[in-house]
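Peer 1: Contents of final-v7.pdb (PDB, C-alpha atoms and all ligand atoms) are given next:
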```
ATOM      1  CA  MET Y   1      43.075  75.286 108.699  1.00  0.00           C
ATOM      2  CA  SER Y   2      45.188  78.468 108.867  1.00  0.00           C
ATOM      3  CA  PRO Y   3      45.299  80.587 105.715  1.00  0.00           C
ATOM      4  CA  LEU Y   4      48.160  79.917 103.329  1.00  0.00           C
ATOM      5  CA  ILE Y   5      50.143  82.631 101.542  1.00  0.00           C
ATOM      6  CA  ILE Y   6      52.644  81.563  98.905  1.00  0.00           C
ATOM      7  CA  ALA Y   7      55.129  84.105  97.549  1.00  0.00           C
ATOM      8  CA  ASN Y   8      56.376  83.444  94.019  1.00  0.00           C
ATOM      9  CA  TRP Y   9      59.440  85.620  93.446  1.00  0.00           C
ATOM     10  CA  LYS Y  10      59.671  84.378  89.831  1.00  0.00           C
ATOM     11  CA  MET Y  11      62.927  85.476  88.075  1.00  0.00           C
ATOM     12  CA  LYS Y  12      62.577  88.990  89.449  1.00  0.00           C
ATOM     13  CA  LEU Y  13      65.399  89.053  92.015  1.00  0.00           C
ATOM     14  CA  GLY Y  14      69.126  88.393  91.940  1.00  0.00           C
ATOM     15  CA  LEU Y  15      70.976  86.504  94.664  1.00  0.00           C
ATOM     16  CA  ASP Y  16      71.753  89.537  96.858  1.00  0.00           C
ATOM     17  CA  GLU Y  17      68.251  90.928  96.426  1.00  0.00           C
ATOM     18  CA  SER Y  18      66.787  87.556  97.421  1.00  0.00           C
ATOM     19  CA  ARG Y  19      68.925  87.333 100.548  1.00  0.00           C
ATOM     20  CA  LEU Y  20      68.052  90.887 101.601  1.00  0.00           C
ATOM     21  CA  LEU Y  21      64.332  90.345 100.999  1.00  0.00           C
ATOM     22  CA  ALA Y  22      64.388  87.034 102.905  1.00  0.00           C
ATOM     23  CA  GLN Y  23      66.088  88.766 105.863  1.00  0.00           C
ATOM     24  CA  ALA Y  24      63.386  91.465 105.855  1.00  0.00           C
ATOM     25  CA  VAL Y  25      60.532  88.982 105.368  1.00  0.00           C
ATOM     26  CA  LYS Y  26      61.749  86.829 108.246  1.00  0.00           C
ATOM     27  CA  LYS Y  27      60.943  89.697 110.643  1.00  0.00           C
ATOM     28  CA  ILE Y  28      57.281  89.954 109.550  1.00  0.00           C
ATOM     29  CA  PRO Y  29      54.843  88.668 112.180  1.00  0.00           C
ATOM     30  CA  THR Y  30      52.707  85.945 110.584  1.00  0.00           C
ATOM     31  CA  GLY Y  31      50.224  85.141 113.344  1.00  0.00           C
ATOM     32  CA  SER Y  32      48.449  81.921 112.446  1.00  0.00           C
ATOM     33  CA  THR Y  33      49.071  82.400 108.705  1.00  0.00           C
ATOM     34  CA  GLU Y  34      51.255  79.824 106.961  1.00  0.00           C
ATOM     35  CA  VAL Y  35      53.702  81.544 104.606  1.00  0.00           C
ATOM     36  CA  VAL Y  36      55.778  79.881 101.882  1.00  0.00           C
ATOM     37  CA  ILE Y  37      58.576  81.682 100.027  1.00  0.00           C
ATOM     38  CA  CYS Y  38      59.512  80.477  96.529  1.00  0.00           C
ATOM     39  CA  PRO Y  39      62.788  82.047  95.317  1.00  0.00           C
ATOM     40  CA  SER Y  40      64.587  81.234  92.061  1.00  0.00           C
ATOM     41  CA  PHE Y  41      66.773  78.092  91.936  1.00  0.00           C
ATOM     42  CA  PRO Y  42      70.135  79.865  92.463  1.00  0.00           C
ATOM     43  CA  SER Y  43      68.780  81.692  95.537  1.00  0.00           C
ATOM     44  CA  LEU Y  44      67.260  78.635  97.233  1.00  0.00           C
ATOM     45  CA  THR Y  45      70.222  77.628  99.403  1.00  0.00           C
ATOM     46  CA  THR Y  46      70.850  81.210 100.541  1.00  0.00           C
ATOM     47  CA  VAL Y  47      67.182  81.855 101.347  1.00  0.00           C
ATOM     48  CA  SER Y  48      66.910  78.422 102.969  1.00  0.00           C
ATOM     49  CA  ALA Y  49      69.742  79.387 105.360  1.00  0.00           C
ATOM     50  CA  VAL Y  50      68.105  82.750 106.138  1.00  0.00           C
ATOM     51  CA  LEU Y  51      64.690  81.196 106.814  1.00  0.00           C
ATOM     52  CA  ALA Y  52      65.983  78.173 108.755  1.00  0.00           C
ATOM     53  CA  ARG Y  53      64.213  77.774 112.113  1.00  0.00           C
ATOM     54  CA  SER Y  54      61.739  80.537 111.180  1.00  0.00           C
ATOM     55  CA  ARG Y  55      57.973  80.231 110.677  1.00  0.00           C
ATOM     56  CA  PHE Y  56      58.461  80.637 106.925  1.00  0.00           C
ATOM     57  CA  ALA Y  57      58.536  77.576 104.702  1.00  0.00           C
ATOM     58  CA  LEU Y  58      60.565  77.261 101.509  1.00  0.00           C
ATOM     59  CA  GLY Y  59      59.307  76.305  98.048  1.00  0.00           C
ATOM     60  CA  ALA Y  60      60.808  76.039  94.575  1.00  0.00           C
ATOM     61  CA  GLN Y  61      59.278  77.371  91.365  1.00  0.00           C
ATOM     62  CA  ASP Y  62      59.688  74.178  89.338  1.00  0.00           C
ATOM     63  CA  CYS Y  63      61.238  70.713  89.390  1.00  0.00           C
ATOM     64  CA  PHE Y  64      62.082  67.903  86.981  1.00  0.00           C
ATOM     65  CA  TRP Y  65      60.271  64.554  87.045  1.00  0.00           C
ATOM     66  CA  GLU Y  66      63.260  62.251  87.519  1.00  0.00           C
ATOM     67  CA  PRO Y  67      65.245  61.869  90.765  1.00  0.00           C
ATOM     68  CA  HIS Y  68      68.648  61.977  89.007  1.00  0.00           C
ATOM     69  CA  GLY Y  69      70.336  61.295  85.696  1.00  0.00           C
ATOM     70  CA  ALA Y  70      71.521  62.845  82.452  1.00  0.00           C
ATOM     71  CA  TYR Y  71      69.104  65.779  82.333  1.00  0.00           C
ATOM     72  CA  THR Y  72      71.231  68.862  81.746  1.00  0.00           C
ATOM     73  CA  GLY Y  73      69.990  71.941  83.528  1.00  0.00           C
ATOM     74  CA  ALA Y  74      67.175  70.153  85.358  1.00  0.00           C
ATOM     75  CA  VAL Y  75      66.713  70.038  89.136  1.00  0.00           C
ATOM     76  CA  SER Y  76      65.233  67.029  90.895  1.00  0.00           C
ATOM     77  CA  PRO Y  77      62.598  67.219  93.628  1.00  0.00           C
ATOM     78  CA  GLU Y  78      64.956  65.175  95.825  1.00  0.00           C
ATOM     79  CA  THR Y  79      67.605  67.910  95.619  1.00  0.00           C
ATOM     80  CA  LEU Y  80      64.988  70.543  96.399  1.00  0.00           C
ATOM     81  CA  HIS Y  81      63.984  68.547  99.458  1.00  0.00           C
ATOM     82  CA  GLU Y  82      67.623  68.315 100.510  1.00  0.00           C
ATOM     83  CA  ILE Y  83      67.964  72.125 100.201  1.00  0.00           C
ATOM     84  CA  GLY Y  84      65.059  72.525 102.605  1.00  0.00           C
ATOM     85  CA  CYS Y  85      62.080  72.951 100.283  1.00  0.00           C
ATOM     86  CA  ARG Y  86      58.741  71.604 101.439  1.00  0.00           C
ATOM     87  CA  TYR Y  87      56.763  72.902  98.456  1.00  0.00           C
ATOM     88  CA  VAL Y  88      57.233  73.161  94.710  1.00  0.00           C
ATOM     89  CA  ILE Y  89      55.220  75.094  92.126  1.00  0.00           C
ATOM     90  CA  VAL Y  90      54.462  73.062  89.002  1.00  0.00           C
ATOM     91  CA  GLY Y  91      52.794  74.068  85.741  1.00  0.00           C
ATOM     92  CA  HIS Y  92      52.892  77.819  86.256  1.00  0.00           C
ATOM     93  CA  SER Y  93      51.321  79.502  83.214  1.00  0.00           C
ATOM     94  CA  GLU Y  94      54.604  81.302  82.492  1.00  0.00           C
ATOM     95  CA  ARG Y  95      56.318  77.920  82.117  1.00  0.00           C
ATOM     96  CA  ARG Y  96      53.451  76.609  79.996  1.00  0.00           C
ATOM     97  CA  GLN Y  97      53.649  79.743  77.815  1.00  0.00           C
ATOM     98  CA  TYR Y  98      57.407  80.296  77.448  1.00  0.00           C
ATOM     99  CA  LEU Y  99      58.857  76.813  77.981  1.00  0.00           C
ATOM    100  CA  GLY Y 100      56.243  74.611  76.380  1.00  0.00           C
ATOM    101  CA  GLU Y 101      55.270  72.844  79.594  1.00  0.00           C
ATOM    102  CA  THR Y 102      52.392  70.472  78.859  1.00  0.00           C
ATOM    103  CA  ASP Y 103      49.760  68.844  81.068  1.00  0.00           C
ATOM    104  CA  GLU Y 104      51.668  65.565  80.679  1.00  0.00           C
ATOM    105  CA  MET Y 105      54.870  67.168  81.983  1.00  0.00           C
ATOM    106  CA  VAL Y 106      52.938  68.733  84.852  1.00  0.00           C
ATOM    107  CA  HIS Y 107      51.516  65.312  85.692  1.00  0.00           C
ATOM    108  CA  ARG Y 108      54.969  63.739  85.840  1.00  0.00           C
ATOM    109  CA  LYS Y 109      56.291  66.578  87.977  1.00  0.00           C
ATOM    110  CA  VAL Y 110      53.399  66.230  90.436  1.00  0.00           C
ATOM    111  CA  ALA Y 111      54.091  62.502  90.832  1.00  0.00           C
ATOM    112  CA  ALA Y 112      57.828  63.108  91.264  1.00  0.00           C
ATOM    113  CA  ALA Y 113      57.320  65.917  93.780  1.00  0.00           C
ATOM    114  CA  LEU Y 114      54.992  63.778  95.900  1.00  0.00           C
ATOM    115  CA  SER Y 115      57.354  60.842  95.934  1.00  0.00           C
ATOM    116  CA  ALA Y 116      60.204  63.138  97.016  1.00  0.00           C
ATOM    117  CA  GLY Y 117      58.111  64.307  99.982  1.00  0.00           C
ATOM    118  CA  LEU Y 118      57.276  67.750  98.551  1.00  0.00           C
ATOM    119  CA  VAL Y 119      53.858  69.383  98.394  1.00  0.00           C
ATOM    120  CA  PRO Y 120      53.127  70.263  94.757  1.00  0.00           C
ATOM    121  CA  ILE Y 121      51.427  73.585  94.053  1.00  0.00           C
ATOM    122  CA  ILE Y 122      49.734  72.879  90.723  1.00  0.00           C
ATOM    123  CA  CYS Y 123      48.867  76.002  88.745  1.00  0.00           C
ATOM    124  CA  VAL Y 124      45.801  75.937  86.503  1.00  0.00           C
ATOM    125  CA  GLY Y 125      44.015  78.772  84.776  1.00  0.00           C
ATOM    126  CA  GLU Y 126      42.309  79.884  81.602  1.00  0.00           C
ATOM    127  CA  THR Y 127      43.653  82.345  79.039  1.00  0.00           C
ATOM    128  CA  PHE Y 128      41.650  85.418  78.082  1.00  0.00           C
ATOM    129  CA  GLU Y 129      40.684  83.771  74.803  1.00  0.00           C
ATOM    130  CA  GLN Y 130      39.426  80.649  76.579  1.00  0.00           C
ATOM    131  CA  ARG Y 131      37.348  82.848  78.841  1.00  0.00           C
ATOM    132  CA  GLN Y 132      35.934  84.868  75.947  1.00  0.00           C
ATOM    133  CA  THR Y 133      34.999  81.766  73.986  1.00  0.00           C
ATOM    134  CA  GLY Y 134      33.276  80.057  76.916  1.00  0.00           C
ATOM    135  CA  HIS Y 135      36.002  77.454  77.457  1.00  0.00           C
ATOM    136  CA  GLN Y 136      37.038  78.488  80.949  1.00  0.00           C
ATOM    137  CA  ASP Y 137      35.538  75.520  82.825  1.00  0.00           C
ATOM    138  CA  TYR Y 138      36.814  73.127  80.180  1.00  0.00           C
ATOM    139  CA  ALA Y 139      40.369  74.495  80.556  1.00  0.00           C
ATOM    140  CA  LEU Y 140      40.265  74.165  84.347  1.00  0.00           C
ATOM    141  CA  ILE Y 141      38.818  70.639  84.259  1.00  0.00           C
ATOM    142  CA  GLN Y 142      41.355  69.500  81.641  1.00  0.00           C
ATOM    143  CA  GLN Y 143      44.399  70.972  83.381  1.00  0.00           C
ATOM    144  CA  THR Y 144      43.360  69.711  86.813  1.00  0.00           C
ATOM    145  CA  SER Y 145      42.395  66.221  85.746  1.00  0.00           C
ATOM    146  CA  ARG Y 146      45.387  65.704  83.437  1.00  0.00           C
ATOM    147  CA  ALA Y 147      47.743  66.798  86.204  1.00  0.00           C
ATOM    148  CA  LEU Y 148      46.180  64.463  88.749  1.00  0.00           C
ATOM    149  CA  GLU Y 149      44.581  61.488  86.994  1.00  0.00           C
ATOM    150  CA  GLY Y 150      46.219  58.284  88.206  1.00  0.00           C
ATOM    151  CA  ILE Y 151      47.986  59.982  91.112  1.00  0.00           C
ATOM    152  CA  ALA Y 152      47.499  57.841  94.205  1.00  0.00           C
ATOM    153  CA  LEU Y 153      47.443  60.461  96.930  1.00  0.00           C
ATOM    154  CA  THR Y 154      47.967  58.952 100.367  1.00  0.00           C
ATOM    155  CA  GLU Y 155      46.662  60.255 103.674  1.00  0.00           C
ATOM    156  CA  ASP Y 156      50.060  61.634 104.650  1.00  0.00           C
ATOM    157  CA  GLN Y 157      50.475  63.604 101.412  1.00  0.00           C
ATOM    158  CA  GLN Y 158      49.137  67.014 100.534  1.00  0.00           C
ATOM    159  CA  LEU Y 159      48.703  68.993  97.412  1.00  0.00           C
ATOM    160  CA  ILE Y 160      47.626  72.468  96.431  1.00  0.00           C
ATOM    161  CA  VAL Y 161      45.807  73.593  93.311  1.00  0.00           C
ATOM    162  CA  ALA Y 162      46.338  77.274  92.533  1.00  0.00           C
ATOM    163  CA  TYR Y 163      43.751  78.871  90.283  1.00  0.00           C
ATOM    164  CA  GLU Y 164      45.551  81.612  88.378  1.00  0.00           C
ATOM    165  CA  PRO Y 165      43.586  83.210  85.522  1.00  0.00           C
ATOM    166  CA  VAL Y 166      46.422  83.786  83.054  1.00  0.00           C
ATOM    167  CA  TRP Y 167      45.044  87.083  81.821  1.00  0.00           C
ATOM    168  CA  VAL Y 168      45.162  88.853  85.199  1.00  0.00           C
ATOM    169  CA  ILE Y 169      48.659  87.806  86.287  1.00  0.00           C
ATOM    170  CA  GLY Y 170      50.867  90.844  86.771  1.00  0.00           C
ATOM    171  CA  THR Y 171      48.178  93.325  85.664  1.00  0.00           C
ATOM    172  CA  GLY Y 172      47.464  94.787  89.105  1.00  0.00           C
ATOM    173  CA  GLN Y 173      43.784  94.053  88.496  1.00  0.00           C
ATOM    174  CA  ALA Y 174      42.548  90.871  90.171  1.00  0.00           C
ATOM    175  CA  ILE Y 175      39.320  89.194  89.131  1.00  0.00           C
ATOM    176  CA  ASN Y 176      36.136  89.586  91.098  1.00  0.00           C
ATOM    177  CA  PRO Y 177      36.147  87.178  94.090  1.00  0.00           C
ATOM    178  CA  ASP Y 178      32.792  85.750  92.885  1.00  0.00           C
ATOM    179  CA  GLN Y 179      34.486  84.696  89.644  1.00  0.00           C
ATOM    180  CA  ALA Y 180      37.280  83.028  91.619  1.00  0.00           C
ATOM    181  CA  GLN Y 181      34.676  81.246  93.736  1.00  0.00           C
ATOM    182  CA  THR Y 182      32.989  79.838  90.628  1.00  0.00           C
ATOM    183  CA  ALA Y 183      36.333  78.614  89.262  1.00  0.00           C
ATOM    184  CA  HIS Y 184      37.227  77.043  92.614  1.00  0.00           C
ATOM    185  CA  GLN Y 185      33.937  75.142  92.598  1.00  0.00           C
ATOM    186  CA  VAL Y 186      34.761  73.741  89.158  1.00  0.00           C
ATOM    187  CA  ILE Y 187      38.222  72.680  90.377  1.00  0.00           C
ATOM    188  CA  ARG Y 188      36.808  71.187  93.568  1.00  0.00           C
ATOM    189  CA  GLN Y 189      34.233  69.169  91.642  1.00  0.00           C
ATOM    190  CA  THR Y 190      37.005  67.882  89.365  1.00  0.00           C
ATOM    191  CA  LEU Y 191      39.005  66.863  92.444  1.00  0.00           C
ATOM    192  CA  ILE Y 192      35.965  65.096  93.922  1.00  0.00           C
ATOM    193  CA  ASP Y 193      35.687  63.088  90.690  1.00  0.00           C
ATOM    194  CA  LEU Y 194      39.341  62.028  91.098  1.00  0.00           C
ATOM    195  CA  PHE Y 195      39.820  61.440  94.833  1.00  0.00           C
ATOM    196  CA  PRO Y 196      37.805  60.341  97.872  1.00  0.00           C
ATOM    197  CA  LEU Y 197      35.977  63.281  99.444  1.00  0.00           C
ATOM    198  CA  THR Y 198      37.933  63.040 102.709  1.00  0.00           C
ATOM    199  CA  LEU Y 199      41.216  63.510 100.809  1.00  0.00           C
ATOM    200  CA  VAL Y 200      39.790  66.462  98.880  1.00  0.00           C
ATOM    201  CA  THR Y 201      38.630  68.049 102.122  1.00  0.00           C
ATOM    202  CA  GLU Y 202      41.642  67.317 104.287  1.00  0.00           C
ATOM    203  CA  ASN Y 203      44.668  66.914 102.008  1.00  0.00           C
ATOM    204  CA  ILE Y 204      44.024  69.225  99.075  1.00  0.00           C
ATOM    205  CA  ARG Y 205      43.857  73.001  99.224  1.00  0.00           C
ATOM    206  CA  ILE Y 206      42.622  75.334  96.490  1.00  0.00           C
ATOM    207  CA  ILE Y 207      44.116  78.822  96.426  1.00  0.00           C
ATOM    208  CA  TYR Y 208      43.763  81.915  94.203  1.00  0.00           C
ATOM    209  CA  GLY Y 209      46.550  83.769  92.389  1.00  0.00           C
ATOM    210  CA  GLY Y 210      46.627  86.801  90.083  1.00  0.00           C
ATOM    211  CA  SER Y 211      47.242  90.402  91.168  1.00  0.00           C
ATOM    212  CA  VAL Y 212      46.600  89.695  94.842  1.00  0.00           C
ATOM    213  CA  ASP Y 213      47.605  92.580  97.117  1.00  0.00           C
ATOM    214  CA  SER Y 214      46.939  93.881 100.616  1.00  0.00           C
ATOM    215  CA  GLY Y 215      43.765  95.599  99.398  1.00  0.00           C
ATOM    216  CA  ASN Y 216      42.039  92.530  97.969  1.00  0.00           C
ATOM    217  CA  VAL Y 217      43.589  89.530  99.754  1.00  0.00           C
ATOM    218  CA  ALA Y 218      40.934  89.365 102.479  1.00  0.00           C
ATOM    219  CA  ASP Y 219      38.187  89.070  99.832  1.00  0.00           C
ATOM    220  CA  PHE Y 220      39.841  85.943  98.461  1.00  0.00           C
ATOM    221  CA  VAL Y 221      40.797  84.138 101.657  1.00  0.00           C
ATOM    222  CA  ARG Y 222      37.276  84.424 103.012  1.00  0.00           C
ATOM    223  CA  LEU Y 223      35.783  82.560 100.030  1.00  0.00           C
ATOM    224  CA  GLU Y 224      34.381  79.103 100.659  1.00  0.00           C
ATOM    225  CA  HIS Y 225      36.793  76.300  99.718  1.00  0.00           C
ATOM    226  CA  THR Y 226      39.634  78.803  99.300  1.00  0.00           C
ATOM    227  CA  ALA Y 227      42.616  78.102 101.513  1.00  0.00           C
ATOM    228  CA  GLY Y 228      44.843  81.012 100.576  1.00  0.00           C
ATOM    229  CA  VAL Y 229      46.631  82.925  97.834  1.00  0.00           C
ATOM    230  CA  LEU Y 230      49.615  82.752  95.486  1.00  0.00           C
ATOM    231  CA  VAL Y 231      51.285  86.147  95.228  1.00  0.00           C
ATOM    232  CA  GLY Y 232      53.749  87.538  92.684  1.00  0.00           C
ATOM    233  CA  ASN Y 233      54.472  91.282  92.599  1.00  0.00           C
ATOM    234  CA  ALA Y 234      53.076  92.092  96.042  1.00  0.00           C
ATOM    235  CA  SER Y 235      55.564  89.662  97.611  1.00  0.00           C
ATOM    236  CA  LEU Y 236      58.662  91.434  96.264  1.00  0.00           C
ATOM    237  CA  ASP Y 237      58.643  94.290  98.736  1.00  0.00           C
ATOM    238  CA  ALA Y 238      58.845  93.475 102.449  1.00  0.00           C
ATOM    239  CA  GLY Y 239      56.545  96.372 103.400  1.00  0.00           C
ATOM    240  CA  ALA Y 240      53.864  95.460 100.861  1.00  0.00           C
ATOM    241  CA  PHE Y 241      54.127  91.779 101.786  1.00  0.00           C
ATOM    242  CA  ALA Y 242      53.849  92.568 105.500  1.00  0.00           C
ATOM    243  CA  ALA Y 243      50.700  94.603 104.796  1.00  0.00           C
ATOM    244  CA  LEU Y 244      49.281  91.674 102.798  1.00  0.00           C
ATOM    245  CA  ILE Y 245      49.950  89.199 105.626  1.00  0.00           C
ATOM    246  CA  ARG Y 246      48.394  91.645 108.104  1.00  0.00           C
ATOM    247  CA  SER Y 247      45.252  91.928 105.973  1.00  0.00           C
ATOM    248  CA  VAL Y 248      44.831  88.145 106.082  1.00  0.00           C
TER     249      VAL Y 248
HETATM  250  P1  LIG Z 301      51.024  88.617  90.376  1.00  0.00           P
HETATM  251  O1  LIG Z 301      50.617  88.564  91.825  1.00  0.00           O
HETATM  252  O2  LIG Z 301      52.180  89.518  90.112  1.00  0.00           O
HETATM  253  O3  LIG Z 301      49.840  88.866  89.489  1.00  0.00           O
HETATM  254  O4  LIG Z 301      51.557  87.150  89.999  1.00  0.00           O
HETATM  255  C1  LIG Z 301      50.732  86.063  90.229  1.00  0.00           C
HETATM  256  C2  LIG Z 301      51.493  84.824  89.956  1.00  0.00           C
HETATM  257  O5  LIG Z 301      51.756  84.478  88.823  1.00  0.00           O
HETATM  258  C3  LIG Z 301      51.931  84.030  91.120  1.00  0.00           C
HETATM  259  O6  LIG Z 301      52.358  82.771  90.727  1.00  0.00           O
END
```
Any chance you could put this one into structure tokens?
Peer 2:
Amino acid sequence: MSPLIIANWKMKLGLDESRLLAQAVKKIPTGSTEVVICPSFPSLTTVSAVLARSRFALGAQDCFWEPHGAYTGAVSPETLHEIGCRYVIVGHSERRQYLGETDEMVHRKVAAALSAGLVPIICVGETFEQRQTGHQDYALIQQTSRALEGIALTEDQQLIVAYEPVWVIGTGQAINPDQAQTAHQVIRQTLIDLFPLTLVTENIRIIYGGSVDSGNVADFVRLEHTAGVLVGNASLDAGAFAALIRSV
């Protein structure tokens, strides 16, 4: 499978900045690498138009769990699909931290995204405190299994689990690839306990996120059972992002 690079632009760019960055990104040669761009909600339609008929896929940073209704301010996965999204990030640690997103909410969003035909990118990861107190594996197992328990994944559906250690996000200092490998094994074992092995192998990808840049990306994508990376800061500059894609 070709390596997967997902750019999470977070709330870091305005509408004009998003359009300009998308226009610059569209010119980057990707080779066999699959690249997904996740702009903020207001920029999705603009970026979707820029990236139309390009090799770049579109993703959203969140979705609601209902297809429509009286849910002020929420955006349904169906609407995201209509805009041109193929992917959606769910359960990012910033949403868990600042917006009170729970494992139960993540679970409902995963189910809704799948039924709308989107590929959910489920973020899991331990806090520094959980790591220091020896609860890292427990946190990963809990978040992964609560997000996915009872989800009937079919052969034509895909999902992605992104391991993002909360304490390295945005620090410029990624974890050691060996540590990521250990975490990915824990996640993979949890997935094997939930789904048939063929689905885990063929329909589910595990990726790493947290201070990935052009200098360290190759160390992560070459890990066993690691299909790619989720990138924040290093995806906000077309030059830096091009260098990152080249390194893969
Ligand atoms: P950084 O690459 O800026 O650490 O962000 C990672 C992230 O949170 C991607 O979702």
Peer 1: Assuming the chain letters and numbering stay as they are in my file, what does the PyMOL selection byres (((chain Y and resi 94) around 12) and not hetatm) actually select? List them as an MDAnalysis selection string.
Peer 2: chainID Y and resid 8 10:11 61:62 89:93 95:102 123:125 127 164:167 169:170 232
Peer 1: Excluding Ile204 (chain Y) and its own-chain neighbours fewer than 4 positions away, which residues fall within 8 Å of it when counting all atoms listed in the file? Please give them as a VMD selection string.
Peer 2: chain Y and resid 158 to 161 199 to 200
Peer 1: Suppose we keep C-alpha atoms; can you now write the selection as a compact mmCIF listing (two decimals), in the frame of the given file?
Peer 2:
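Saved to result12.txt:
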```txt
# COMPACT_ATOMS: atom_id res chain seq x y z
CA GLN Y 158 49.14 67.01 100.53
CA LEU Y 159 48.70 68.99 97.41
CA ILE Y 160 47.63 72.47 96.43
CA VAL Y 161 45.81 73.59 93.31
CA LEU Y 199 41.22 63.51 100.81
CA VAL Y 200 39.79 66.46 98.88
```
Peer 1: Which residues, named as in the file, does the PyMOL selection byres (((chain Y and resi 155) around 10) and not hetatm) pick out? Answer as a PDB file with C-alpha atoms, in the frame of the given file.
Peer 2:
```pdb
ATOM      1  CA  ALA Y 152      47.499  57.841  94.205  1.00  0.00           C
ATOM      2  CA  LEU Y 153      47.443  60.461  96.930  1.00  0.00           C
ATOM      3  CA  THR Y 154      47.967  58.952 100.367  1.00  0.00           C
ATOM      4  CA  ASP Y 156      50.060  61.634 104.650  1.00  0.00           C
ATOM      5  CA  GLN Y 157      50.475  63.604 101.412  1.00  0.00           C
ATOM      6  CA  GLN Y 158      49.137  67.014 100.534  1.00  0.00           C
ATOM      7  CA  THR Y 198      37.933  63.040 102.709  1.00  0.00           C
ATOM      8  CA  LEU Y 199      41.216  63.510 100.809  1.00  0.00           C
ATOM      9  CA  GLU Y 202      41.642  67.317 104.287  1.00  0.00           C
ATOM     10  CA  ASN Y 203      44.668  66.914 102.008  1.00  0.00           C
TER      11      ASN Y 203
END
```
Peer 1: What gap, in Å, lies between CA of Gly209 (chain Y) and CA of Ser145 (chain Y)?
Peer 2: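 Computed distance, CA of Gly209 (chain Y) to CA of Ser145 (chain Y), equals 19.2 Å.
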Peer 1: Spell out the residues picked by the PyMOL selection byres (((chain Y and resi 175) around 10) and not hetatm) here, as a CSV table (one decimal) with C-alpha atoms, in the frame of the given file.
Peer 2:
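selection-v4.csv was written with the following content:
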```csv
chain,number,residue,atom,x,y,z
Y,164,GLU,CA,45.6,81.6,88.4
Y,165,PRO,CA,43.6,83.2,85.5
Y,167,TRP,CA,45.0,87.1,81.8
Y,168,VAL,CA,45.2,88.9,85.2
Y,169,ILE,CA,48.7,87.8,86.3
Y,172,GLY,CA,47.5,94.8,89.1
Y,173,GLN,CA,43.8,94.1,88.5
Y,174,ALA,CA,42.5,90.9,90.2
Y,176,ASN,CA,36.1,89.6,91.1
Y,177,PRO,CA,36.1,87.2,94.1
Y,178,ASP,CA,32.8,85.8,92.9
Y,179,GLN,CA,34.5,84.7,89.6
Y,180,ALA,CA,37.3,83.0,91.6
Y,208,TYR,CA,43.8,81.9,94.2
Y,209,GLY,CA,46.6,83.8,92.4
Y,210,GLY,CA,46.6,86.8,90.1
Y,211,SER,CA,47.2,90.4,91.2
Y,212,VAL,CA,46.6,89.7,94.8
Y,216,ASN,CA,42.0,92.5,98.0
Y,220,PHE,CA,39.8,85.9,98.5
```
Peer 1: Taking only C-alpha atoms into account, name the residue in Y:Gln136, Y:Ile6, Y:Ser214, Y:Leu194 that is nearest to Ala242 (chain Y).
Peer 2: Y:Ser214
Peer 1: Between Y:Ile28, Y:Leu223, Y:Leu20, Y:Ile245, which has the minimum distance to Thr46 (chain Y) (counting only C-alpha atoms)?
Peer 2: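 Under the stated criterion, the closest residue is Y:Leu20.
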Peer 1: Name the residues in contact with Pro67 (chain Y) at a cut-off of 7 Å, using all atoms listed in the file, excluding same-chain residues fewer than 3 positions from it; report them as number ranges by chain.
Peer 2: Y: 76-78
Peer 1: Report, in Å with one decimal, the straight-line distance from CA of Gln142 (chain Y) to CA of His225 (chain Y).
Peer 2: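 Separation of CA of Gln142 (chain Y) and CA of His225 (chain Y): 19.8 Å.
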